[in-house]
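J.: This is the content of run.pdb (PDB, C-alpha atoms):
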ATOM      1  CA  MET N1380      30.151  -7.622  21.811  1.00  0.00           C
ATOM      2  CA  ARG N1381      28.137  -9.979  19.628  1.00  0.00           C
ATOM      3  CA  ASN N1382      24.877  -8.353  20.846  1.00  0.00           C
ATOM      4  CA  VAL N1383      26.184  -4.884  19.934  1.00  0.00           C
ATOM      5  CA  LEU N1384      27.141  -6.102  16.453  1.00  0.00           C
ATOM      6  CA  LEU N1385      23.740  -7.770  15.990  1.00  0.00           C
ATOM      7  CA  LEU N1386      21.941  -4.609  17.117  1.00  0.00           C
ATOM      8  CA  ALA N1387      24.000  -2.488  14.699  1.00  0.00           C
ATOM      9  CA  CYS N1388      23.206  -4.840  11.801  1.00  0.00           C
ATOM     10  CA  LEU N1389      19.480  -4.783  12.627  1.00  0.00           C
ATOM     11  CA  ALA N1390      19.438  -0.975  12.806  1.00  0.00           C
ATOM     12  CA  ALA N1391      21.246  -0.694   9.464  1.00  0.00           C
ATOM     13  CA  GLY N1392      18.801  -3.134   7.865  1.00  0.00           C
ATOM     14  CA  MET N1393      15.777  -1.219   9.171  1.00  0.00           C
ATOM     15  CA  ALA N1394      17.172   2.091   7.925  1.00  0.00           C
ATOM     16  CA  ALA N1395      17.789   0.634   4.479  1.00  0.00           C
ATOM     17  CA  ALA N1396      14.263  -0.812   4.338  1.00  0.00           C
ATOM     18  CA  GLN N1397      12.668   2.588   4.947  1.00  0.00           C
ATOM     19  CA  ALA N1398      13.423   4.668   1.843  1.00  0.00           C
ATOM     20  CA  PRO N1399      13.355   8.455   2.134  1.00  0.00           C
ATOM     21  CA  ARG N1400       9.965   9.904   1.198  1.00  0.00           C
ATOM     22  CA  ASP N1401      11.365  12.833  -0.856  1.00  0.00           C
ATOM     23  CA  THR N1402      12.922  10.574  -3.459  1.00  0.00           C
ATOM     24  CA  ILE N1403      11.889   8.068  -6.106  1.00  0.00           C
ATOM     25  CA  GLU N1404      13.501   5.281  -4.075  1.00  0.00           C
ATOM     26  CA  GLY N1405      11.069   2.628  -2.924  1.00  0.00           C
ATOM     27  CA  TYR N1406       8.220   0.416  -4.119  1.00  0.00           C
ATOM     28  CA  TRP N1407       5.514   1.720  -6.464  1.00  0.00           C
ATOM     29  CA  GLN N1408       2.206   0.238  -7.655  1.00  0.00           C
ATOM     30  CA  ASP N1409       0.075   1.585 -10.518  1.00  0.00           C
ATOM     31  CA  ILE N1410      -3.222   3.071  -9.319  1.00  0.00           C
ATOM     32  CA  GLU N1411      -4.645   4.492 -12.547  1.00  0.00           C
ATOM     33  CA  ARG N1412      -3.918   4.659 -16.247  1.00  0.00           C
ATOM     34  CA  ARG N1413      -5.091   6.432 -19.345  1.00  0.00           C
ATOM     35  CA  ILE N1414      -4.506   5.597 -22.985  1.00  0.00           C
ATOM     36  CA  LEU N1415      -3.719   8.541 -25.233  1.00  0.00           C
ATOM     37  CA  TYR N1416      -3.134   6.578 -28.440  1.00  0.00           C
ATOM     38  CA  SER N1417      -3.668   2.988 -29.526  1.00  0.00           C
ATOM     39  CA  PRO N1418      -4.662   1.770 -32.972  1.00  0.00           C
ATOM     40  CA  ASP N1419      -6.066  -1.394 -31.334  1.00  0.00           C
ATOM     41  CA  ALA N1420      -8.475   0.385 -28.972  1.00  0.00           C
ATOM     42  CA  PRO N1421     -12.166  -0.409 -29.480  1.00  0.00           C
ATOM     43  CA  ALA N1422     -14.148   2.234 -31.367  1.00  0.00           C
ATOM     44  CA  SER N1423     -16.100   3.032 -28.183  1.00  0.00           C
ATOM     45  CA  TYR N1424     -12.961   3.754 -26.132  1.00  0.00           C
ATOM     46  CA  VAL N1425     -12.683   7.286 -24.738  1.00  0.00           C
ATOM     47  CA  PHE N1426      -9.042   8.321 -25.105  1.00  0.00           C
ATOM     48  CA  GLY N1427      -7.558  10.385 -22.291  1.00  0.00           C
ATOM     49  CA  ARG N1428      -9.966   9.197 -19.570  1.00  0.00           C
ATOM     50  CA  TRP N1429      -8.278   8.030 -16.375  1.00  0.00           C
ATOM     51  CA  THR N1430      -9.186   4.474 -15.356  1.00  0.00           C
ATOM     52  CA  ALA N1431      -8.742   3.445 -11.712  1.00  0.00           C
ATOM     53  CA  LEU N1432      -7.014   0.079 -11.308  1.00  0.00           C
ATOM     54  CA  ASP N1433      -7.941  -2.645  -8.822  1.00  0.00           C
ATOM     55  CA  GLN N1434      -5.323  -2.478  -6.067  1.00  0.00           C
ATOM     56  CA  ASN N1435      -5.713  -6.212  -5.446  1.00  0.00           C
ATOM     57  CA  GLN N1436      -5.046  -7.128  -9.075  1.00  0.00           C
ATOM     58  CA  THR N1437      -2.785 -10.114  -9.660  1.00  0.00           C
ATOM     59  CA  TYR N1438      -0.555  -8.401 -12.244  1.00  0.00           C
ATOM     60  CA  PRO N1439       0.066  -4.788 -11.176  1.00  0.00           C
ATOM     61  CA  ALA N1440       2.743  -2.707 -12.871  1.00  0.00           C
ATOM     62  CA  ALA N1441       4.820  -2.676  -9.681  1.00  0.00           C
ATOM     63  CA  LYS N1442       8.355  -1.303  -9.542  1.00  0.00           C
ATOM     64  CA  GLU N1443      11.219  -1.112  -7.120  1.00  0.00           C
ATOM     65  CA  ILE N1444      13.576   1.822  -7.549  1.00  0.00           C
ATOM     66  CA  ARG N1445      16.783   1.869  -5.522  1.00  0.00           C
ATOM     67  CA  ARG N1446      20.133   3.586  -5.396  1.00  0.00           C
ATOM     68  CA  SER N1447      22.950   1.618  -6.944  1.00  0.00           C
ATOM     69  CA  GLY N1448      26.469   2.960  -6.911  1.00  0.00           C
ATOM     70  CA  GLY N1449      26.326   6.554  -8.128  1.00  0.00           C
ATOM     71  CA  GLY N1450      22.876   6.225  -9.705  1.00  0.00           C
ATOM     72  CA  TYR N1451      19.603   4.353  -9.567  1.00  0.00           C
ATOM     73  CA  GLU N1452      18.376   0.983 -10.759  1.00  0.00           C
ATOM     74  CA  LEU N1453      14.820  -0.051 -11.501  1.00  0.00           C
ATOM     75  CA  LEU N1454      13.307  -3.509 -11.166  1.00  0.00           C
ATOM     76  CA  ASP N1455       9.986  -3.916 -12.990  1.00  0.00           C
ATOM     77  CA  LEU N1456       8.442  -6.726 -10.938  1.00  0.00           C
ATOM     78  CA  LEU N1457       5.870  -7.686 -13.586  1.00  0.00           C
ATOM     79  CA  TYR N1458       8.571  -8.844 -16.018  1.00  0.00           C
ATOM     80  CA  ASP N1459      11.472 -11.289 -16.022  1.00  0.00           C
ATOM     81  CA  ASP N1460      14.720 -11.220 -18.010  1.00  0.00           C
ATOM     82  CA  GLU N1461      12.733 -11.353 -21.282  1.00  0.00           C
ATOM     83  CA  GLU N1462      12.466  -7.579 -20.762  1.00  0.00           C
ATOM     84  CA  GLN N1463      15.632  -5.495 -20.584  1.00  0.00           C
ATOM     85  CA  ILE N1464      15.563  -2.322 -18.473  1.00  0.00           C
ATOM     86  CA  LYS N1465      17.919   0.561 -19.234  1.00  0.00           C
ATOM     87  CA  VAL N1466      17.904   3.647 -16.995  1.00  0.00           C
ATOM     88  CA  VAL N1467      18.481   6.688 -19.205  1.00  0.00           C
ATOM     89  CA  ARG N1468      18.369   9.408 -16.537  1.00  0.00           C
ATOM     90  CA  ALA N1469      17.564   9.389 -12.834  1.00  0.00           C
ATOM     91  CA  GLY N1470      17.634  11.660  -9.816  1.00  0.00           C
ATOM     92  CA  ASN N1471      15.704  12.097  -6.571  1.00  0.00           C
ATOM     93  CA  ALA N1472      12.762  13.711  -8.418  1.00  0.00           C
ATOM     94  CA  GLY N1473      12.375  11.343 -11.381  1.00  0.00           C
ATOM     95  CA  ILE N1474      13.581   8.514 -13.562  1.00  0.00           C
ATOM     96  CA  ASP N1475      13.560   7.946 -17.330  1.00  0.00           C
ATOM     97  CA  TYR N1476      14.038   4.401 -18.548  1.00  0.00           C
ATOM     98  CA  THR N1477      13.390   2.105 -21.472  1.00  0.00           C
ATOM     99  CA  ARG N1478      11.986  -1.421 -21.267  1.00  0.00           C
ATOM    100  CA  THR N1479      12.812  -3.502 -24.358  1.00  0.00           C
ATOM    101  CA  ASN N1480      11.427  -6.945 -25.117  1.00  0.00           C
ATOM    102  CA  ARG N1481      14.356  -9.187 -26.078  1.00  0.00           C
ATOM    103  CA  LEU N1482      12.224 -11.278 -28.479  1.00  0.00           C
ATOM    104  CA  SER N1483      10.243  -8.637 -30.387  1.00  0.00           C
ATOM    105  CA  ALA N1484      12.639  -5.688 -29.893  1.00  0.00           C
ATOM    106  CA  CYS N1485       9.587  -3.519 -29.156  1.00  0.00           C
ATOM    107  CA  ALA N1486      10.478  -0.864 -26.585  1.00  0.00           C
ATOM    108  CA  THR N1487       8.536   1.279 -24.160  1.00  0.00           C
ATOM    109  CA  SER N1488      10.052   4.523 -22.917  1.00  0.00           C
ATOM    110  CA  HIS N1489       8.998   5.747 -19.468  1.00  0.00           C
ATOM    111  CA  VAL N1490       9.452   9.314 -18.236  1.00  0.00           C
ATOM    112  CA  CYS N1491       8.534   9.375 -14.543  1.00  0.00           C
ATOM    113  CA  THR N1492       8.426  12.285 -12.101  1.00  0.00           C
ATOM    114  CA  LEU N1493       7.733  12.415  -8.399  1.00  0.00           C
ATOM    115  CA  GLU N1494       4.507  14.415  -7.973  1.00  0.00           C
ATOM    116  CA  SER N1495       4.483  14.190  -4.175  1.00  0.00           C
ATOM    117  CA  ALA N1496       6.114  12.058  -1.489  1.00  0.00           C
ATOM    118  CA  ASN N1497       3.747   9.191  -2.304  1.00  0.00           C
ATOM    119  CA  GLN N1498       2.810   9.704  -5.965  1.00  0.00           C
ATOM    120  CA  LEU N1499       4.782   9.029  -9.132  1.00  0.00           C
ATOM    121  CA  PHE N1500       3.543  10.037 -12.606  1.00  0.00           C
ATOM    122  CA  CYS N1501       4.823   8.277 -15.750  1.00  0.00           C
ATOM    123  CA  ALA N1502       4.344   9.088 -19.436  1.00  0.00           C
ATOM    124  CA  LEU N1503       4.829   6.017 -21.661  1.00  0.00           C
ATOM    125  CA  GLU N1504       5.366   5.482 -25.369  1.00  0.00           C
ATOM    126  CA  SER N1505       5.710   2.059 -27.003  1.00  0.00           C
ATOM    127  CA  ARG N1506       7.405   1.536 -30.345  1.00  0.00           C
ATOM    128  CA  CYS N1507       7.809  -1.485 -32.590  1.00  0.00           C
ATOM    129  CA  ALA N1508      10.075  -1.167 -35.624  1.00  0.00           C
ATOM    130  CA  GLU N1509      10.305   2.590 -34.930  1.00  0.00           C
ATOM    131  CA  LYS N1510       6.509   2.951 -35.235  1.00  0.00           C
ATOM    132  CA  ILE N1511       4.515   4.288 -32.260  1.00  0.00           C
ATOM    133  CA  VAL N1512       2.012   1.594 -31.275  1.00  0.00           C
ATOM    134  CA  TRP N1513       0.809   2.868 -27.891  1.00  0.00           C
ATOM    135  CA  ARG N1514       0.982   6.041 -25.815  1.00  0.00           C
ATOM    136  CA  GLY N1515      -0.391   6.537 -22.326  1.00  0.00           C
ATOM    137  CA  GLU N1516       0.119   7.767 -18.784  1.00  0.00           C
ATOM    138  CA  GLU N1517       0.151   6.006 -15.430  1.00  0.00           C
ATOM    139  CA  ARG N1518      -0.003   7.126 -11.831  1.00  0.00           C
ATOM    140  CA  TYR N1519       1.722   5.138  -9.102  1.00  0.00           C
ATOM    141  CA  GLU N1520       1.418   5.151  -5.341  1.00  0.00           C
ATOM    142  CA  ARG N1521       4.219   4.388  -2.924  1.00  0.00           C
ATOM    143  CA  ARG N1522       3.939   1.021  -1.146  1.00  0.00           C
ATOM    144  CA  ALA N1523       5.716  -0.365   1.917  1.00  0.00           C
ATOM    145  CA  SER N1524       6.739  -3.420  -0.125  1.00  0.00           C
ATOM    146  CA  CYS N1525       6.038  -5.321  -3.337  1.00  0.00           C
ATOM    147  CA  GLU N1526       7.207  -8.840  -4.101  1.00  0.00           C
ATOM    148  CA  ARG N1527       6.812 -11.409  -6.816  1.00  0.00           C
ATOM    149  CA  ASP N1528       4.253 -14.042  -5.941  1.00  0.00           C
ATOM    150  CA  GLY N1529       4.707 -16.910  -8.373  1.00  0.00           C
ATOM    151  CA  LYS N1530       6.078 -17.804 -11.775  1.00  0.00           C
ATOM    152  CA  ARG N1531       5.659 -15.963 -15.053  1.00  0.00           C
ATOM    153  CA  GLN N1532       2.287 -16.423 -16.738  1.00  0.00           C
ATOM    154  CA  ALA N1533       1.090 -15.067 -20.095  1.00  0.00           C
ATOM    155  CA  GLN N1534       0.198 -11.746 -18.420  1.00  0.00           C
ATOM    156  CA  GLY N1535       3.479 -11.443 -16.520  1.00  0.00           C
ATOM    157  CA  ILE N1536       4.634 -12.353 -13.039  1.00  0.00           C
ATOM    158  CA  PRO N1537       2.061 -12.139 -10.218  1.00  0.00           C
ATOM    159  CA  VAL N1538       2.987  -9.419  -7.686  1.00  0.00           C
ATOM    160  CA  ARG N1539       1.684  -8.579  -4.200  1.00  0.00           C
ATOM    161  CA  CYS N1540       2.077  -5.062  -2.804  1.00  0.00           C
ATOM    162  CA  ARG N1541       1.395  -3.854   0.719  1.00  0.00           C
TER     163      ARG N1541
END
Rewrite the coordinates I just gave you, this time as structure tokens.
T.:
Amino acid sequence: MRNVLLLACLAAGMAAAQAPRDTIEGYWQDIERRILYSPDAPASYVFGRWTALDQNQTYPAAKEIRRSGGGYELLDLLYDDEEQIKVVRAGNAGIDYTRTNRLSACATSHVCTLESANQLFCALESRCAEKIVWRGEERYERRASCERDGKRQAQGIPVRCR
């Protein structure tokens, strides 16, 4: 009887670990980004050009999205509790959320849509004191797993994705 119970628990754990591919559920790592507006960009910067990101970078913008109760929750692995995440809208095909810094009160809104089973597209807009300070877009690729790999540094929390 104990073996049957153990086998059932293992099967349930494996099923939970493999998120459906036709949903936003799962782990995501940024693969490219483009800046559409930034007053701090160097004069030589070409706005709107996609920039590929190193997939072995120490501080990727990695996320875990999972079902929670009747909705979804998002964990932004780069940040700790200094950043507050509020899911505004979510469904199988996309998620809109706001990330607000508790110290500065600056907030970044994210509107993300599933482009394919393994690609997520996000439009971002950052505001401080109601003034737009940055606007851009990011593309994410589904990963088998992402986990924090150390303590918070100035750039964020180191993350490893596989």
J.: I need the residue set behind the PyMOL selection byres ((chain N and resi 1529) around 12) for this file; please write it as a list in words.
T.: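 For this structure, the PyMOL selection byres ((chain N and resi 1529) around 12) captures Thr1437, Tyr1438, Leu1456, Leu1457, Tyr1458, Asp1459, Glu1526, Arg1527, Asp1528, Lys1530, Arg1531, Gln1532, Gly1535, Ile1536, Pro1537, Val1538 and Arg1539 of chain N.
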J.: Determine, counting all atoms listed in the file, which protein, DNA and RNA residues have an atom within 12 Å of an atom of Gly1450 in chain N; residues of the same chain fewer than 3 positions away are not included. Present the result as an MDAnalysis selection string.
T.: chainID N and resid 1403:1404 1444:1447 1453 1466:1471 1473:1474
J.: Which residues of range 1401-1465 of chain N come within 10 Å of range 1507-1523 of chain N, and for each one, what is the closest pair of atoms and their distance in Å to one decimal, counting only C-alpha atoms, sorted by chain and residue number, as CSV?
T.:
residue,atom,partner,partner_atom,distance
N:Ile1403,CA,N:Arg1521,CA,9.1
N:Glu1404,CA,N:Arg1521,CA,9.4
N:Gly1405,CA,N:Arg1521,CA,7.1
N:Tyr1406,CA,N:Arg1522,CA,5.2
N:Trp1407,CA,N:Arg1521,CA,4.6
N:Gln1408,CA,N:Tyr1519,CA,5.1
N:Asp1409,CA,N:Tyr1519,CA,4.2
N:Ile1410,CA,N:Tyr1519,CA,5.4
N:Glu1411,CA,N:Arg1518,CA,5.4
N:Arg1412,CA,N:Glu1517,CA,4.4
N:Arg1413,CA,N:Glu1516,CA,5.4
N:Ile1414,CA,N:Gly1515,CA,4.3
N:Leu1415,CA,N:Gly1515,CA,4.9
N:Tyr1416,CA,N:Arg1514,CA,4.9
N:Ser1417,CA,N:Trp1513,CA,4.8
N:Pro1418,CA,N:Val1512,CA,6.9
N:Asp1419,CA,N:Val1512,CA,8.6
N:Ala1420,CA,N:Trp1513,CA,9.7
N:Phe1426,CA,N:Gly1515,CA,9.3
N:Gly1427,CA,N:Gly1515,CA,8.1
N:Trp1429,CA,N:Glu1517,CA,8.7
N:Thr1430,CA,N:Glu1517,CA,9.5
N:Ala1431,CA,N:Arg1518,CA,9.5
N:Leu1432,CA,N:Arg1518,CA,10.0
N:Ala1440,CA,N:Tyr1519,CA,8.8
N:Ala1441,CA,N:Tyr1519,CA,8.4
N:Lys1442,CA,N:Tyr1519,CA,9.3
N:Glu1443,CA,N:Arg1522,CA,9.7
J.: Taking all atoms of range 1433-1439 of chain N that the file lists, what box with edges along x, y and z, padded by 3 Å per side, do you get, with centre and edge lengths in Å to one decimal, as AutoDock Vina command-line options?
T.:
--center_x -3.9 --center_y -6.3 --center_z -8.8 --size_x 14.0 --size_y 13.6 --size_z 12.8
J.: For the file shown, what are the residues hit by the PyMOL selection byres ((chain N and resi 1492) around 8), laid out as a list in words?
T.: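 Checked against the file, the PyMOL selection byres ((chain N and resi 1492) around 8) matches Ala1472, Gly1473, Ile1474, Val1490, Cys1491, Leu1493, Glu1494, Leu1499, Phe1500 and Cys1501 of chain N.
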J.: What is the distance, in Å and to one decimal place, between CA of Asp1455 in chain N and CA of Thr1487 in chain N?
T.: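 Computing the Euclidean distance for CA of Asp1455 in chain N and CA of Thr1487 in chain N yields 12.4 Å.
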J.: Could you state which residues are captured by the PyMOL selection byres ((chain N and resi 1462) around 7) in this file, as a list of chain:residue names?
T.: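 With the PyMOL selection byres ((chain N and resi 1462) around 7) on this model, the match is N:Tyr1458, N:Asp1459, N:Asp1460, N:Glu1461, N:Gln1463, N:Ile1464, N:Arg1478, N:Thr1479, N:Asn1480, N:Arg1481.
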J.: Using all atoms listed in the file, pick whichever of N:Ala1496, N:Tyr1451, N:Cys1485, N:Cys1525 has the shortest atom-to-atom distance to Asn1435 in chain N.
T.: N:Cys1525
J.: To one decimal place in Å, what is the distance between CA of Tyr1476 in chain N and CA of His1489 in chain N?
T.: 5.3 Å
J.: Would you mind reading off the distance between CA of Ser1488 in chain N and CA of Asp1433 in chain N, one decimal, in Å?
T.: 24.0 Å
J.: Save range 1420-1523 of chain N to a file: C-alpha atoms, as an mmCIF file, in the first residue's frame.
T.:
data_model
loop_
_atom_site.group_PDB
_atom_site.id
_atom_site.type_symbol
_atom_site.label_atom_id
_atom_site.label_comp_id
_atom_site.auth_asym_id
_atom_site.auth_seq_id
_atom_site.Cartn_x
_atom_site.Cartn_y
_atom_site.Cartn_z
ATOM 1 C CA ALA N 1420 19.860 56.323 -23.841
ATOM 2 C CA PRO N 1421 23.161 57.360 -25.436
ATOM 3 C CA ALA N 1422 22.850 59.616 -28.483
ATOM 4 C CA SER N 1423 24.170 56.796 -30.695
ATOM 5 C CA TYR N 1424 21.492 54.315 -29.573
ATOM 6 C CA VAL N 1425 19.199 53.016 -32.320
ATOM 7 C CA PHE N 1426 15.700 52.858 -30.838
ATOM 8 C CA GLY N 1427 13.535 49.922 -31.873
ATOM 9 C CA ARG N 1428 16.406 47.562 -32.763
ATOM 10 C CA TRP N 1429 16.146 44.108 -31.204
ATOM 11 C CA THR N 1430 19.177 43.121 -29.120
ATOM 12 C CA ALA N 1431 19.836 39.419 -28.490
ATOM 13 C CA LEU N 1432 20.652 38.642 -24.855
ATOM 14 C CA ASP N 1433 23.319 36.236 -23.609
ATOM 15 C CA GLN N 1434 21.461 33.121 -22.461
ATOM 16 C CA ASN N 1435 24.164 32.441 -19.872
ATOM 17 C CA GLN N 1436 23.868 35.892 -18.306
ATOM 18 C CA THR N 1437 23.936 36.025 -14.518
ATOM 19 C CA TYR N 1438 20.886 38.295 -14.163
ATOM 20 C CA PRO N 1439 18.245 37.267 -16.722
ATOM 21 C CA ALA N 1440 14.705 38.603 -16.485
ATOM 22 C CA ALA N 1441 13.393 35.137 -15.618
ATOM 23 C CA LYS N 1442 9.813 34.506 -14.526
ATOM 24 C CA GLU N 1443 7.718 31.684 -13.206
ATOM 25 C CA ILE N 1444 4.014 31.847 -13.985
ATOM 26 C CA ARG N 1445 1.704 29.358 -12.292
ATOM 27 C CA ARG N 1446 -1.948 28.780 -11.580
ATOM 28 C CA SER N 1447 -3.043 29.813 -8.125
ATOM 29 C CA GLY N 1448 -6.601 29.289 -7.005
ATOM 30 C CA GLY N 1449 -8.863 30.635 -9.742
ATOM 31 C CA GLY N 1450 -6.145 32.707 -11.419
ATOM 32 C CA TYR N 1451 -2.429 33.007 -11.996
ATOM 33 C CA GLU N 1452 0.516 34.258 -9.984
ATOM 34 C CA LEU N 1453 3.841 35.498 -11.279
ATOM 35 C CA LEU N 1454 7.211 35.280 -9.561
ATOM 36 C CA ASP N 1455 9.854 37.575 -11.068
ATOM 37 C CA LEU N 1456 13.011 35.689 -10.082
ATOM 38 C CA LEU N 1457 15.341 38.665 -10.597
ATOM 39 C CA TYR N 1458 13.742 40.615 -7.736
ATOM 40 C CA ASP N 1459 13.033 40.094 -4.045
ATOM 41 C CA ASP N 1460 10.285 41.564 -1.856
ATOM 42 C CA GLU N 1461 11.583 45.095 -2.579
ATOM 43 C CA GLU N 1462 9.475 44.749 -5.743
ATOM 44 C CA GLN N 1463 5.738 44.162 -5.436
ATOM 45 C CA ILE N 1464 4.009 42.194 -8.205
ATOM 46 C CA LYS N 1465 0.305 42.684 -8.905
ATOM 47 C CA VAL N 1466 -1.399 40.579 -11.589
ATOM 48 C CA VAL N 1467 -3.968 42.777 -13.330
ATOM 49 C CA ARG N 1468 -5.326 40.251 -15.841
ATOM 50 C CA ALA N 1469 -4.330 36.716 -16.773
ATOM 51 C CA GLY N 1470 -5.513 33.800 -18.865
ATOM 52 C CA ASN N 1471 -3.978 30.905 -20.789
ATOM 53 C CA ALA N 1472 -2.897 33.232 -23.633
ATOM 54 C CA GLY N 1473 -1.403 36.138 -21.668
ATOM 55 C CA ILE N 1474 -0.774 38.012 -18.457
ATOM 56 C CA ASP N 1475 -0.771 41.718 -17.569
ATOM 57 C CA TYR N 1476 0.964 42.729 -14.368
ATOM 58 C CA THR N 1477 2.618 45.637 -12.624
ATOM 59 C CA ARG N 1478 5.934 45.530 -10.769
ATOM 60 C CA THR N 1479 6.298 48.386 -8.265
ATOM 61 C CA ASN N 1480 9.453 49.231 -6.346
ATOM 62 C CA ARG N 1481 8.502 49.657 -2.680
ATOM 63 C CA LEU N 1482 11.226 52.284 -2.074
ATOM 64 C CA SER N 1483 10.913 54.560 -5.117
ATOM 65 C CA ALA N 1484 7.261 53.806 -5.996
ATOM 66 C CA CYS N 1485 8.332 53.617 -9.654
ATOM 67 C CA ALA N 1486 6.230 51.032 -11.484
ATOM 68 C CA THR N 1487 6.624 49.005 -14.644
ATOM 69 C CA SER N 1488 3.540 47.655 -16.386
ATOM 70 C CA HIS N 1489 3.925 44.451 -18.408
ATOM 71 C CA VAL N 1490 1.457 43.286 -21.054
ATOM 72 C CA CYS N 1491 2.490 39.780 -22.117
ATOM 73 C CA THR N 1492 0.988 37.483 -24.746
ATOM 74 C CA LEU N 1493 1.804 33.937 -25.725
ATOM 75 C CA GLU N 1494 3.085 34.075 -29.320
ATOM 76 C CA SER N 1495 3.616 30.321 -29.622
ATOM 77 C CA ALA N 1496 3.956 27.346 -27.285
ATOM 78 C CA ASN N 1497 7.502 28.415 -26.413
ATOM 79 C CA GLN N 1498 7.547 32.192 -26.944
ATOM 80 C CA LEU N 1499 6.136 34.996 -24.818
ATOM 81 C CA PHE N 1500 6.122 38.651 -25.943
ATOM 82 C CA CYS N 1501 5.929 41.502 -23.401
ATOM 83 C CA ALA N 1502 5.429 45.242 -23.879
ATOM 84 C CA LEU N 1503 6.762 47.263 -20.919
ATOM 85 C CA GLU N 1504 6.320 50.825 -19.721
ATOM 86 C CA SER N 1505 8.040 52.270 -16.645
ATOM 87 C CA ARG N 1506 6.731 55.295 -14.788
ATOM 88 C CA CYS N 1507 8.094 57.349 -11.914
ATOM 89 C CA ALA N 1508 5.847 60.011 -10.396
ATOM 90 C CA GLU N 1509 3.381 59.417 -13.263
ATOM 91 C CA LYS N 1510 6.058 60.310 -15.845
ATOM 92 C CA ILE N 1511 7.053 57.721 -18.476
ATOM 93 C CA VAL N 1512 10.772 57.039 -18.041
ATOM 94 C CA TRP N 1513 11.234 53.922 -20.186
ATOM 95 C CA ARG N 1514 9.314 51.953 -22.802
ATOM 96 C CA GLY N 1515 10.406 48.733 -24.459
ATOM 97 C CA GLU N 1516 9.586 45.198 -25.533
ATOM 98 C CA GLU N 1517 10.994 41.821 -24.552
ATOM 99 C CA ARG N 1518 10.763 38.328 -25.956
ATOM 100 C CA TYR N 1519 10.943 35.302 -23.679
ATOM 101 C CA GLU N 1520 11.538 31.634 -24.334
ATOM 102 C CA ARG N 1521 10.089 28.794 -22.310
ATOM 103 C CA ARG N 1522 12.590 26.966 -20.078
ATOM 104 C CA ALA N 1523 12.386 23.623 -18.278
#
